[in-house]
file final_2.pdb (PDB, C-alpha atoms and all ligand atoms)
ATOM      1  CA  MET A   1       3.815 -13.486  17.158
ATOM      2  CA  THR A   2       1.756 -14.818  19.993
ATOM      3  CA  ALA A   3       0.106 -18.180  19.504
ATOM      4  CA  GLN A   4      -3.114 -16.860  21.014
ATOM      5  CA  PRO A   5      -6.141 -16.866  18.706
ATOM      6  CA  THR A   6      -7.682 -13.782  17.194
ATOM      7  CA  ARG A   7     -10.489 -11.994  19.021
ATOM      8  CA  LEU A   8     -12.110 -10.992  15.738
ATOM      9  CA  GLN A   9     -15.194 -12.967  14.867
ATOM     10  CA  SER A  10     -17.116 -13.314  11.641
ATOM     11  CA  ASP A  11     -19.888 -15.282  10.030
ATOM     12  CA  ILE A  12     -17.692 -15.720   6.971
ATOM     13  CA  ASP A  13     -16.962 -19.371   6.178
ATOM     14  CA  PHE A  14     -13.698 -19.508   4.275
ATOM     15  CA  ASN A  15     -14.421 -23.059   3.089
ATOM     16  CA  ARG A  16     -17.812 -22.233   1.617
ATOM     17  CA  GLU A  17     -18.254 -21.967  -2.148
ATOM     18  CA  GLY A  18     -19.850 -18.846  -3.559
ATOM     19  CA  LYS A  19     -19.818 -15.159  -2.741
ATOM     20  CA  GLN A  20     -19.892 -13.846   0.808
ATOM     21  CA  VAL A  21     -19.832 -10.162   1.693
ATOM     22  CA  THR A  22     -19.921  -9.491   5.404
ATOM     23  CA  TYR A  23     -18.050  -7.923   8.327
ATOM     24  CA  LEU A  24     -15.293  -8.933  10.645
ATOM     25  CA  ARG A  25     -16.421  -8.104  14.153
ATOM     26  CA  LEU A  26     -13.696  -6.500  16.185
ATOM     27  CA  PRO A  27     -14.755  -6.245  19.835
ATOM     28  CA  TYR A  28     -14.482  -2.637  20.965
ATOM     29  CA  SER A  29     -16.097  -1.573  24.189
ATOM     30  CA  SER A  30     -16.137   2.213  24.387
ATOM     31  CA  ASN A  31     -17.822   5.076  26.222
ATOM     32  CA  VAL A  32     -20.529   5.186  23.573
ATOM     33  CA  SER A  33     -20.902   1.444  22.950
ATOM     34  CA  ALA A  34     -20.533  -1.098  25.717
ATOM     35  CA  TYR A  35     -20.272  -4.660  24.312
ATOM     36  CA  GLY A  36     -19.921  -3.127  20.851
ATOM     37  CA  TRP A  37     -17.948  -4.265  17.842
ATOM     38  CA  ILE A  38     -16.422  -2.523  14.871
ATOM     39  CA  GLY A  39     -17.539  -3.975  11.542
ATOM     40  CA  ILE A  40     -14.689  -4.318   9.048
ATOM     41  CA  PRO A  41     -15.908  -5.178   5.530
ATOM     42  CA  ILE A  42     -14.624  -8.470   4.153
ATOM     43  CA  ALA A  43     -15.592 -10.471   1.090
ATOM     44  CA  GLN A  44     -14.784 -13.842  -0.368
ATOM     45  CA  ILE A  45     -15.550 -15.168  -3.823
ATOM     46  CA  LYS A  46     -14.766 -18.877  -4.101
ATOM     47  CA  ASN A  47     -15.316 -21.427  -6.802
ATOM     48  CA  GLY A  48     -13.722 -24.855  -6.567
ATOM     49  CA  PRO A  49     -10.069 -25.709  -6.146
ATOM     50  CA  GLY A  50      -7.392 -23.216  -7.096
ATOM     51  CA  PRO A  51      -5.137 -20.593  -5.614
ATOM     52  CA  THR A  52      -6.149 -18.162  -2.863
ATOM     53  CA  VAL A  53      -5.105 -14.541  -3.210
ATOM     54  CA  LEU A  54      -5.750 -11.864  -0.593
ATOM     55  CA  PHE A  55      -6.429  -8.345  -1.870
ATOM     56  CA  MET A  56      -6.298  -5.568   0.677
ATOM     57  CA  ALA A  57      -6.575  -1.770   0.621
ATOM     58  CA  GLY A  58      -7.114   0.919   3.234
ATOM     59  CA  ASN A  59      -4.060  -0.269   5.148
ATOM     60  CA  HIS A  60      -3.540   3.477   5.225
ATOM     61  CA  GLY A  61      -6.953   5.137   5.333
ATOM     62  CA  ASP A  62      -6.092   8.157   3.168
ATOM     63  CA  GLU A  63      -5.060   6.034   0.186
ATOM     64  CA  PHE A  64      -8.199   5.657  -1.868
ATOM     65  CA  GLU A  65      -7.416   4.103  -5.259
ATOM     66  CA  GLY A  66      -7.234   0.548  -3.927
ATOM     67  CA  GLN A  67     -10.250   1.012  -1.689
ATOM     68  CA  ILE A  68     -12.374   2.094  -4.672
ATOM     69  CA  ALA A  69     -10.994  -0.602  -6.990
ATOM     70  CA  LEU A  70     -11.667  -3.386  -4.475
ATOM     71  CA  ALA A  71     -15.175  -2.104  -3.666
ATOM     72  CA  LYS A  72     -15.952  -2.243  -7.378
ATOM     73  CA  LEU A  73     -14.424  -5.709  -7.662
ATOM     74  CA  ILE A  74     -16.560  -7.005  -4.779
ATOM     75  CA  ARG A  75     -19.684  -5.894  -6.623
ATOM     76  CA  ARG A  76     -18.712  -7.208 -10.046
ATOM     77  CA  LEU A  77     -16.864 -10.490  -9.394
ATOM     78  CA  GLU A  78     -19.095 -13.568  -9.307
ATOM     79  CA  PRO A  79     -18.177 -17.139  -8.367
ATOM     80  CA  LYS A  80     -18.783 -18.382 -11.923
ATOM     81  CA  ASP A  81     -15.953 -16.079 -13.085
ATOM     82  CA  VAL A  82     -13.470 -17.436 -10.527
ATOM     83  CA  LYS A  83     -11.314 -20.537 -10.243
ATOM     84  CA  GLY A  84     -10.019 -20.701  -6.669
ATOM     85  CA  ARG A  85     -10.592 -18.157  -3.932
ATOM     86  CA  VAL A  86     -10.379 -14.365  -3.780
ATOM     87  CA  ILE A  87     -10.431 -12.781  -0.312
ATOM     88  CA  LEU A  88     -10.928  -9.024  -0.179
ATOM     89  CA  LEU A  89     -10.290  -6.674   2.727
ATOM     90  CA  PRO A  90     -10.962  -3.290   1.134
ATOM     91  CA  MET A  91     -10.712  -1.084   4.257
ATOM     92  CA  ALA A  92      -8.122  -2.950   6.286
ATOM     93  CA  ASN A  93      -7.525  -0.291   8.920
ATOM     94  CA  PHE A  94     -11.242   0.487   9.038
ATOM     95  CA  PRO A  95     -11.156   3.303  11.639
ATOM     96  CA  ALA A  96      -8.423   5.040   9.610
ATOM     97  CA  ALA A  97     -10.301   4.500   6.348
ATOM     98  CA  MET A  98     -13.543   5.919   7.776
ATOM     99  CA  ALA A  99     -11.684   8.983   8.993
ATOM    100  CA  GLY A 100      -9.789   9.291   5.713
ATOM    101  CA  TYR A 101      -6.515   9.388   7.600
ATOM    102  CA  ARG A 102      -3.318   7.392   7.401
ATOM    103  CA  THR A 103      -3.592   6.097  10.945
ATOM    104  CA  SER A 104      -6.435   4.917  13.156
ATOM    105  CA  SER A 105      -8.828   7.457  14.613
ATOM    106  CA  ILE A 106      -9.107   5.190  17.678
ATOM    107  CA  ASP A 107      -5.542   4.361  18.710
ATOM    108  CA  ALA A 108      -3.473   6.356  16.170
ATOM    109  CA  GLY A 109      -2.128   3.000  14.995
ATOM    110  CA  ASN A 110      -0.348   2.777  11.655
ATOM    111  CA  LEU A 111      -1.434  -0.676  10.459
ATOM    112  CA  ASN A 112       1.598  -1.013   8.212
ATOM    113  CA  ARG A 113       3.851  -0.586  11.265
ATOM    114  CA  SER A 114       1.804  -2.989  13.408
ATOM    115  CA  PHE A 115       2.540  -6.479  12.092
ATOM    116  CA  PRO A 116       2.641  -9.184  13.388
ATOM    117  CA  GLY A 117       0.096  -7.520  15.667
ATOM    118  CA  ASP A 118      -1.360  -8.702  18.940
ATOM    119  CA  PRO A 119      -4.764 -10.338  19.586
ATOM    120  CA  ASN A 120      -4.852  -8.597  22.980
ATOM    121  CA  GLY A 121      -3.407  -5.310  21.794
ATOM    122  CA  SER A 122      -4.899  -2.095  20.470
ATOM    123  CA  VAL A 123      -7.548  -2.085  17.742
ATOM    124  CA  THR A 124      -4.882  -1.672  15.044
ATOM    125  CA  GLN A 125      -2.723  -4.443  16.523
ATOM    126  CA  MET A 126      -5.756  -6.747  16.613
ATOM    127  CA  ILE A 127      -6.393  -6.090  12.913
ATOM    128  CA  ALA A 128      -2.739  -6.723  12.032
ATOM    129  CA  HIS A 129      -2.783  -9.979  13.984
ATOM    130  CA  TYR A 130      -5.913 -11.153  12.176
ATOM    131  CA  ILE A 131      -4.439 -10.399   8.750
ATOM    132  CA  GLU A 132      -1.131 -12.134   9.491
ATOM    133  CA  SER A 133      -2.350 -15.096  11.530
ATOM    134  CA  VAL A 134      -5.729 -15.849   9.882
ATOM    135  CA  LEU A 135      -5.888 -14.429   6.345
ATOM    136  CA  MET A 136      -2.309 -14.716   5.107
ATOM    137  CA  PRO A 137      -1.844 -18.412   5.958
ATOM    138  CA  MET A 138      -4.769 -19.230   3.628
ATOM    139  CA  ALA A 139      -3.259 -17.325   0.688
ATOM    140  CA  MET A 140      -0.374 -17.842  -1.714
ATOM    141  CA  ALA A 141      -0.097 -14.112  -2.375
ATOM    142  CA  VAL A 142      -1.250 -10.785  -0.936
ATOM    143  CA  ILE A 143      -1.832  -7.649  -2.982
ATOM    144  CA  ASP A 144      -1.672  -4.667  -0.601
ATOM    145  CA  MET A 145      -2.818  -1.531  -2.412
ATOM    146  CA  HIS A 146      -1.223   1.670  -1.173
ATOM    147  CA  SER A 147      -0.890   5.144  -2.564
ATOM    148  CA  GLY A 148       0.937   8.292  -1.527
ATOM    149  CA  GLY A 149      -1.818   9.285   0.874
ATOM    150  CA  ARG A 150      -2.318  12.933   1.752
ATOM    151  CA  THR A 151       1.351  13.813   2.050
ATOM    152  CA  LEU A 152       2.996  12.146  -0.963
ATOM    153  CA  HIS A 153       2.383  11.916  -4.701
ATOM    154  CA  TYR A 154       3.686   8.917  -6.678
ATOM    155  CA  ILE A 155       4.037   8.003 -10.304
ATOM    156  CA  PRO A 156       1.616   5.040 -10.176
ATOM    157  CA  SER A 157       3.803   2.118  -9.144
ATOM    158  CA  ALA A 158       3.739  -1.500  -8.076
ATOM    159  CA  LEU A 159       6.471  -2.756  -5.774
ATOM    160  CA  MET A 160       7.997  -5.789  -4.158
ATOM    161  CA  ALA A 161      10.681  -6.337  -1.552
ATOM    162  CA  LYS A 162      13.758  -8.456  -2.181
ATOM    163  CA  ASP A 163      16.865  -9.445  -0.269
ATOM    164  CA  ALA A 164      19.463  -6.677  -0.218
ATOM    165  CA  GLY A 165      22.144  -7.433  -2.785
ATOM    166  CA  GLY A 166      20.281 -10.511  -3.997
ATOM    167  CA  GLU A 167      18.402 -11.185  -7.193
ATOM    168  CA  PRO A 168      14.612 -11.180  -6.973
ATOM    169  CA  ASP A 169      12.739 -14.465  -7.060
ATOM    170  CA  PRO A 170      11.666 -14.850 -10.733
ATOM    171  CA  LYS A 171       8.071 -15.782  -9.852
ATOM    172  CA  HIS A 172       7.793 -12.790  -7.552
ATOM    173  CA  LEU A 173       9.251 -10.468 -10.192
ATOM    174  CA  ALA A 174       6.863 -11.867 -12.809
ATOM    175  CA  ALA A 175       3.910 -11.029 -10.535
ATOM    176  CA  LEU A 176       5.252  -7.512  -9.968
ATOM    177  CA  LEU A 177       5.550  -6.871 -13.700
ATOM    178  CA  ALA A 178       2.157  -8.465 -14.344
ATOM    179  CA  PHE A 179       0.458  -5.722 -12.302
ATOM    180  CA  GLY A 180       1.129  -3.421 -15.248
ATOM    181  CA  ALA A 181       1.727  -0.135 -13.395
ATOM    182  CA  PRO A 182       3.737   2.550 -15.195
ATOM    183  CA  VAL A 183       6.600   1.883 -12.738
ATOM    184  CA  ALA A 184       7.420  -1.467 -11.083
ATOM    185  CA  TYR A 185      10.082  -1.120  -8.450
ATOM    186  CA  MET A 186      12.007  -3.335  -6.072
ATOM    187  CA  VAL A 187      13.074  -2.346  -2.570
ATOM    188  CA  ASN A 188      15.195  -4.212  -0.055
ATOM    189  CA  PHE A 189      13.512  -5.950   2.841
ATOM    190  CA  GLY A 190      13.835  -3.706   5.858
ATOM    191  CA  GLU A 191      11.074  -2.771   8.255
ATOM    192  CA  ASN A 192       9.657  -5.953   9.854
ATOM    193  CA  ARG A 193       6.306  -4.418  10.862
ATOM    194  CA  THR A 194       4.833  -4.085   7.343
ATOM    195  CA  SER A 195       2.363  -6.310   5.491
ATOM    196  CA  SER A 196       5.225  -7.214   3.159
ATOM    197  CA  ALA A 197       7.273  -8.469   6.114
ATOM    198  CA  ALA A 198       4.214 -10.333   7.398
ATOM    199  CA  ALA A 199       3.827 -12.030   4.021
ATOM    200  CA  ARG A 200       7.492 -13.010   4.102
ATOM    201  CA  ARG A 201       7.053 -14.540   7.566
ATOM    202  CA  GLN A 202       4.040 -16.471   6.306
ATOM    203  CA  GLY A 203       5.915 -17.657   3.222
ATOM    204  CA  ILE A 204       3.638 -15.980   0.679
ATOM    205  CA  MET A 205       4.253 -13.539  -2.144
ATOM    206  CA  SER A 206       3.538  -9.862  -1.554
ATOM    207  CA  ILE A 207       2.882  -7.231  -4.202
ATOM    208  CA  GLY A 208       2.365  -3.655  -3.041
ATOM    209  CA  THR A 209       1.362  -0.524  -4.882
ATOM    210  CA  GLU A 210       1.888   3.242  -4.635
ATOM    211  CA  LEU A 211      -0.783   4.435  -7.021
ATOM    212  CA  GLY A 212      -0.916   8.199  -6.752
ATOM    213  CA  GLY A 213      -1.798  10.141  -3.682
ATOM    214  CA  THR A 214      -2.230  13.704  -2.400
ATOM    215  CA  GLY A 215      -5.475  12.512  -0.806
ATOM    216  CA  GLN A 216      -7.096  12.549  -4.236
ATOM    217  CA  VAL A 217      -7.869  10.053  -6.962
ATOM    218  CA  SER A 218      -7.886  10.655 -10.705
ATOM    219  CA  PRO A 219      -9.402   8.708 -13.607
ATOM    220  CA  GLU A 220      -5.820   7.803 -14.582
ATOM    221  CA  THR A 221      -4.779   6.389 -11.188
ATOM    222  CA  LEU A 222      -8.094   4.575 -10.767
ATOM    223  CA  LYS A 223      -7.587   2.971 -14.153
ATOM    224  CA  VAL A 224      -4.118   1.761 -13.126
ATOM    225  CA  ALA A 225      -5.641   0.369  -9.910
ATOM    226  CA  GLU A 226      -8.522  -1.419 -11.602
ATOM    227  CA  GLN A 227      -6.458  -2.790 -14.473
ATOM    228  CA  GLY A 228      -3.801  -3.875 -11.975
ATOM    229  CA  VAL A 229      -6.374  -5.810  -9.944
ATOM    230  CA  GLN A 230      -7.651  -7.503 -13.102
ATOM    231  CA  ASN A 231      -4.047  -8.254 -14.146
ATOM    232  CA  MET A 232      -3.368  -9.872 -10.768
ATOM    233  CA  LEU A 233      -6.513 -12.013 -11.000
ATOM    234  CA  GLU A 234      -5.426 -13.167 -14.454
ATOM    235  CA  HIS A 235      -1.767 -13.643 -13.496
ATOM    236  CA  PHE A 236      -2.588 -15.937 -10.583
ATOM    237  CA  GLY A 237      -5.060 -17.914 -12.698
ATOM    238  CA  LEU A 238      -8.107 -16.847 -10.691
ATOM    239  CA  VAL A 239     -10.016 -15.618 -13.752
ATOM    240  CA  GLN A 240      -9.849 -16.209 -17.495
ATOM    241  CA  PRO A 241      -7.894 -13.480 -19.298
ATOM    242  CA  VAL A 242     -10.080 -10.887 -21.008
ATOM    243  CA  ALA A 243      -9.316 -11.290 -24.716
ATOM    244  CA  GLY A 244      -7.668  -8.449 -26.569
ATOM    245  CA  ARG A 245      -6.722  -6.409 -23.523
ATOM    246  CA  VAL A 246      -3.403  -4.614 -23.965
ATOM    247  CA  LYS A 247      -1.183  -4.826 -20.884
ATOM    248  CA  ARG A 248       1.255  -2.077 -20.061
ATOM    249  CA  GLN A 249       4.992  -2.817 -19.912
ATOM    250  CA  SER A 250       6.205  -1.458 -16.592
ATOM    251  CA  ARG A 251       9.444   0.481 -16.245
ATOM    252  CA  LEU A 252      11.440  -1.753 -13.878
ATOM    253  CA  MET A 253      13.249   0.250 -11.216
ATOM    254  CA  TYR A 254      14.985  -0.050  -7.873
ATOM    255  CA  VAL A 255      14.667   2.052  -4.744
ATOM    256  CA  GLY A 256      17.685   1.749  -2.489
ATOM    257  CA  GLY A 257      18.479   3.082   0.931
ATOM    258  CA  PHE A 258      18.729   6.449   2.615
ATOM    259  CA  GLU A 259      20.499   8.162  -0.303
ATOM    260  CA  TYR A 260      17.419   7.679  -2.502
ATOM    261  CA  TYR A 261      15.337   9.836  -0.147
ATOM    262  CA  LEU A 262      15.287  13.589   0.233
ATOM    263  CA  HIS A 263      14.253  14.879   3.645
ATOM    264  CA  ALA A 264      13.770  18.437   4.854
ATOM    265  CA  PRO A 265      16.839  19.481   6.867
ATOM    266  CA  THR A 266      14.874  22.154   8.682
ATOM    267  CA  ARG A 267      11.419  23.674   9.059
ATOM    268  CA  GLY A 268      10.426  26.016   6.260
ATOM    269  CA  TRP A 269       8.783  26.440   2.899
ATOM    270  CA  PHE A 270      10.233  24.175   0.218
ATOM    271  CA  GLU A 271      10.624  25.700  -3.238
ATOM    272  CA  PRO A 272      11.160  22.733  -5.622
ATOM    273  CA  PHE A 273      13.363  22.861  -8.716
ATOM    274  CA  PHE A 274      12.114  19.493  -9.964
ATOM    275  CA  ASP A 275       8.919  17.765 -10.951
ATOM    276  CA  LEU A 276       7.632  14.221 -10.677
ATOM    277  CA  GLY A 277       9.320  12.079 -13.340
ATOM    278  CA  ASP A 278      12.438  14.263 -13.678
ATOM    279  CA  ALA A 279      15.846  12.587 -14.025
ATOM    280  CA  VAL A 280      18.236  14.142 -11.510
ATOM    281  CA  LYS A 281      21.907  13.873 -10.541
ATOM    282  CA  SER A 282      23.668  13.450  -7.238
ATOM    283  CA  GLY A 283      24.618  16.883  -5.911
ATOM    284  CA  GLN A 284      21.973  18.628  -8.006
ATOM    285  CA  VAL A 285      20.074  21.254  -6.031
ATOM    286  CA  ALA A 286      16.544  19.905  -5.552
ATOM    287  CA  GLY A 287      15.170  23.170  -4.263
ATOM    288  CA  MET A 288      15.473  25.852  -1.631
ATOM    289  CA  MET A 289      14.221  25.945   1.905
ATOM    290  CA  GLN A 290      12.665  29.401   2.201
ATOM    291  CA  PHE A 291      11.916  31.118   5.489
ATOM    292  CA  LEU A 292       8.968  33.285   4.595
ATOM    293  CA  ASP A 293       8.519  34.439   8.165
ATOM    294  CA  GLU A 294      12.095  35.795   8.191
ATOM    295  CA  PRO A 295      12.271  37.780   4.920
ATOM    296  CA  LEU A 296      15.970  38.637   5.230
ATOM    297  CA  ARG A 297      17.125  35.110   6.009
ATOM    298  CA  ASP A 298      18.988  33.404   3.174
ATOM    299  CA  PRO A 299      17.282  30.319   1.766
ATOM    300  CA  VAL A 300      19.054  26.978   2.267
ATOM    301  CA  PRO A 301      19.676  24.722  -0.750
ATOM    302  CA  VAL A 302      18.742  21.050  -0.510
ATOM    303  CA  ALA A 303      20.551  18.639  -2.851
ATOM    304  CA  PHE A 304      19.896  15.138  -4.118
ATOM    305  CA  SER A 305      22.468  12.592  -2.959
ATOM    306  CA  GLN A 306      21.908  10.022  -5.716
ATOM    307  CA  ASP A 307      21.316   9.919  -9.481
ATOM    308  CA  GLY A 308      17.819   8.781 -10.353
ATOM    309  CA  VAL A 309      14.268   9.579 -11.365
ATOM    310  CA  VAL A 310      11.858  11.324  -9.011
ATOM    311  CA  ILE A 311       8.965   8.868  -8.632
ATOM    312  CA  CYS A 312       7.537  10.384  -5.443
ATOM    313  CA  ARG A 313       7.258  13.921  -4.096
ATOM    314  CA  ARG A 314       5.585  15.735  -1.274
ATOM    315  CA  PRO A 315       2.951  18.111  -2.654
ATOM    316  CA  HIS A 316       2.853  20.386   0.400
ATOM    317  CA  VAL A 317       5.053  23.462   0.459
ATOM    318  CA  GLN A 318       5.392  23.785   4.212
ATOM    319  CA  VAL A 319       7.665  21.204   5.772
ATOM    320  CA  GLU A 320       9.006  20.285   9.169
ATOM    321  CA  ARG A 321      12.518  18.973   9.685
ATOM    322  CA  GLY A 322      12.506  15.288   8.751
ATOM    323  CA  ASP A 323       9.564  15.390   6.340
ATOM    324  CA  CYS A 324      10.149  13.331   3.204
ATOM    325  CA  ILE A 325      10.220  15.748   0.243
ATOM    326  CA  ALA A 326      10.891  13.225  -2.521
ATOM    327  CA  HIS A 327      12.362   9.869  -3.350
ATOM    328  CA  LEU A 328      14.180   8.518  -6.344
ATOM    329  CA  ALA A 329      14.304   5.264  -8.247
ATOM    330  CA  THR A 330      16.932   3.957 -10.653
ATOM    331  CA  ASP A 331      16.403   1.872 -13.772
ATOM    332  CA  VAL A 332      17.017  -1.873 -13.647
ATOM    333  CA  LYS A 333      18.055  -3.677 -16.836
ATOM    334  CA  ARG A 334      15.722  -6.494 -17.825
TER     335      ARG A 334
HETATM  336 CA    CA A 401       0.843   3.755   2.227
END
call {"tool": "encode", "arguments": {"input": "final_2.pdb", "output": "structure tokens", "more": "lines below"}}
Ligand code: CA
result
Amino acid sequence: MTAQPTRLQSDIDFNREGKQVTYLRLPYSSNVSAYGWIGIPIAQIKNGPGPTVLFMAGNHGDEFEGQIALAKLIRRLEPKDVKGRVILLPMANFPAAMAGYRTSSIDAGNLNRSFPGDPNGSVTQMIAHYIESVLMPMAMAVIDMHSGGRTLHYIPSALMAKDAGGEPDPKHLAALLAFGAPVAYMVNFGENRTSSAAARRQGIMSIGTELGGTGQVSPETLKVAEQGVQNMLEHFGLVQPVAGRVKRQSRLMYVGGFEYYLHAPTRGWFEPFFDLGDAVKSGQVAGMMQFLDEPLRDPVPVAFSQDGVVICRRPHVQVERGDCIAHLATDVKR
């Protein structure tokens, strides 16, 4: 990461007590707006000493559960309810979120492949740089709320990364389970351009989610999102626990490498033989690639290469070679 300062400005004062809801100003001089800036919503609710936790959503713009849950939290959470500091960035990749797409409508940037970012880079790189170099160093944890977006559908899950082959840090695992999603899974650290990798560089805890997807939200997935946010606030000691609330026990799982993923070997129409939540075996035929435009062509079977449970699937029938059709998770003993 460059040592140069961010170009984003804001009237937010991170040291000030109370509730602030404002915009980050990202300078963007375009054909339709010379000297203009893009306003990215940001909020802080602070009350006295205590931990700082960063909540973000809209890292991918077509993942709506977190965006809705954080917007509601910004309206309802008051300083008197808080001990410490809650920073909220509900539409992190704002141009993507406004367009309702995964990536930015301005530079096609995928924010979660843009860390550590660049203060002099594209709009998306500037946002990534701000999150990693300004927001994360203030926090002890980041909750980055994702979903399957338009092209994937998940069993509502929370996730964390851990060292390959190593045991998870107990505090990190406790936070993951505290989210209370139906599935809580661990993945190995890999990709260094994600918010999770950024958090690791900054020495803070990172909890992610995959709450549903298909470009839709449901009452069920929104409930998981909102209860998860409340659970995180309680877990980190930012708010008093609501008495009598029953917290879900997550199914603890692991998502490994390439063999956990099913990708389309060719272009075609995928006919699935499985559903979300099914337990499957290595070698089991997952479905057939059909070639509807060539009626006499034999369909091609596609097989799973790992035992596991399908926690994610692509809802769209038409696929290109390389599209992710599904991924598996395996149970972890607790
Ligand atoms: Ca995502």
call {"tool": "closest_residue", "arguments": {"input": "final_2.pdb", "among": "A:Val123, A:Val229, A:Ile38, A:Leu176", "to": "Ser157 in chain A", "atoms": "only C-alpha atoms"}}
result
A:Leu176
call {"tool": "resolve_selection", "arguments": {"input": "final_2.pdb", "expression": "the PyMOL selection byres (((not hetatm)) within 12 of (chain A and resi 401))", "output": "ChimeraX atom specification"}}
result
/A:56-66,92-93,96-97,101-103,110-113,144-154,157-159,194-196,208-215
call {"tool": "write_last_selection", "arguments": {"input": "final_2.pdb", "atoms": "C-alpha atoms", "output": "tab-separated table (two decimals), in the coordinates of the input"}}
result
chain	number	residue	atom	x	y	z
A	56	MET	CA	-6.30	-5.57	0.68
A	57	ALA	CA	-6.58	-1.77	0.62
A	58	GLY	CA	-7.11	0.92	3.23
A	59	ASN	CA	-4.06	-0.27	5.15
A	60	HIS	CA	-3.54	3.48	5.22
A	61	GLY	CA	-6.95	5.14	5.33
A	62	ASP	CA	-6.09	8.16	3.17
A	63	GLU	CA	-5.06	6.03	0.19
A	64	PHE	CA	-8.20	5.66	-1.87
A	65	GLU	CA	-7.42	4.10	-5.26
A	66	GLY	CA	-7.23	0.55	-3.93
A	92	ALA	CA	-8.12	-2.95	6.29
A	93	ASN	CA	-7.52	-0.29	8.92
A	96	ALA	CA	-8.42	5.04	9.61
A	97	ALA	CA	-10.30	4.50	6.35
A	101	TYR	CA	-6.52	9.39	7.60
A	102	ARG	CA	-3.32	7.39	7.40
A	103	THR	CA	-3.59	6.10	10.94
A	110	ASN	CA	-0.35	2.78	11.66
A	111	LEU	CA	-1.43	-0.68	10.46
A	112	ASN	CA	1.60	-1.01	8.21
A	113	ARG	CA	3.85	-0.59	11.26
A	144	ASP	CA	-1.67	-4.67	-0.60
A	145	MET	CA	-2.82	-1.53	-2.41
A	146	HIS	CA	-1.22	1.67	-1.17
A	147	SER	CA	-0.89	5.14	-2.56
A	148	GLY	CA	0.94	8.29	-1.53
A	149	GLY	CA	-1.82	9.28	0.87
A	150	ARG	CA	-2.32	12.93	1.75
A	151	THR	CA	1.35	13.81	2.05
A	152	LEU	CA	3.00	12.15	-0.96
A	153	HIS	CA	2.38	11.92	-4.70
A	154	TYR	CA	3.69	8.92	-6.68
A	157	SER	CA	3.80	2.12	-9.14
A	158	ALA	CA	3.74	-1.50	-8.08
A	159	LEU	CA	6.47	-2.76	-5.77
A	194	THR	CA	4.83	-4.08	7.34
A	195	SER	CA	2.36	-6.31	5.49
A	196	SER	CA	5.22	-7.21	3.16
A	208	GLY	CA	2.37	-3.66	-3.04
A	209	THR	CA	1.36	-0.52	-4.88
A	210	GLU	CA	1.89	3.24	-4.64
A	211	LEU	CA	-0.78	4.43	-7.02
A	212	GLY	CA	-0.92	8.20	-6.75
A	213	GLY	CA	-1.80	10.14	-3.68
A	214	THR	CA	-2.23	13.70	-2.40
A	215	GLY	CA	-5.48	12.51	-0.81
call {"tool": "residues_around", "arguments": {"input": "final_2.pdb", "residues": "Ile127 in chain A", "least_positions_apart": "6", "cutoff": "9 Å", "atoms": "only C-alpha atoms", "output": "list in words"}}
result
Thr6, Leu8, Leu26, Ala92, Asn93, Leu111, Ser114, Phe115, Gly117, Asp118 and Pro119 of chain A
call {"tool": "write_last_selection", "arguments": {"input": "final_2.pdb", "atoms": "C-alpha atoms", "output": "PDB file, in the frame of the given file"}}
result
ATOM      1  CA  THR A   6      -7.682 -13.782  17.194  1.00  0.00           C
ATOM      2  CA  LEU A   8     -12.110 -10.992  15.738  1.00  0.00           C
ATOM      3  CA  LEU A  26     -13.696  -6.500  16.185  1.00  0.00           C
ATOM      4  CA  ALA A  92      -8.122  -2.950   6.286  1.00  0.00           C
ATOM      5  CA  ASN A  93      -7.525  -0.291   8.920  1.00  0.00           C
ATOM      6  CA  LEU A 111      -1.434  -0.676  10.459  1.00  0.00           C
ATOM      7  CA  SER A 114       1.804  -2.989  13.408  1.00  0.00           C
ATOM      8  CA  PHE A 115       2.540  -6.479  12.092  1.00  0.00           C
ATOM      9  CA  GLY A 117       0.096  -7.520  15.667  1.00  0.00           C
ATOM     10  CA  ASP A 118      -1.360  -8.702  18.940  1.00  0.00           C
ATOM     11  CA  PRO A 119      -4.764 -10.338  19.586  1.00  0.00           C
TER      12      PRO A 119
END
call {"tool": "closest_residue", "arguments": {"input": "final_2.pdb", "among": "A:Pro116, A:Gly268, A:Gly322, A:Gly18", "to": "Pro79 in chain A", "atoms": "only C-alpha atoms"}}
result
A:Gly18
call {"tool": "closest_residue", "arguments": {"input": "final_2.pdb", "among": "A:Arg321, A:His129, A:His316, A:His235", "to": "Leu173 in chain A", "atoms": "only C-alpha atoms"}}
result
A:His235
call {"tool": "atom_distance", "arguments": {"input": "final_2.pdb", "atom1": "CA of Gly48 in chain A", "atom2": "CA of Asn231 in chain A"}}
result
20.7 Å
call {"tool": "closest_atom_pairs", "arguments": {"input": "final_2.pdb", "of": "range 208-311 of chain A", "to": "range 325-330 of chain A", "cutoff": "9 Å", "atoms": "only C-alpha atoms", "output": "tab-separated table"}}
result
residue	atom	partner	partner_atom	distance
A:Leu252	CA	A:Thr330	CA	8.6
A:Met253	CA	A:Thr330	CA	5.3
A:Tyr254	CA	A:Thr330	CA	5.3
A:Val255	CA	A:Ala329	CA	4.8
A:Gly256	CA	A:Ala329	CA	7.5
A:Glu259	CA	A:Leu328	CA	8.7
A:Tyr260	CA	A:Leu328	CA	5.1
A:Tyr261	CA	A:His327	CA	4.4
A:Leu262	CA	A:Ala326	CA	5.2
A:His263	CA	A:Ile325	CA	5.3
A:Ala264	CA	A:Ile325	CA	6.4
A:Phe270	CA	A:Ile325	CA	8.4
A:Leu276	CA	A:Ala326	CA	8.8
A:Ala279	CA	A:Leu328	CA	8.9
A:Val280	CA	A:Leu328	CA	8.6
A:Gln306	CA	A:Leu328	CA	7.9
A:Asp307	CA	A:Thr330	CA	7.5
A:Gly308	CA	A:Thr330	CA	4.9
A:Val309	CA	A:Leu328	CA	5.1
A:Val310	CA	A:Leu328	CA	4.5
A:Ile311	CA	A:Leu328	CA	5.7
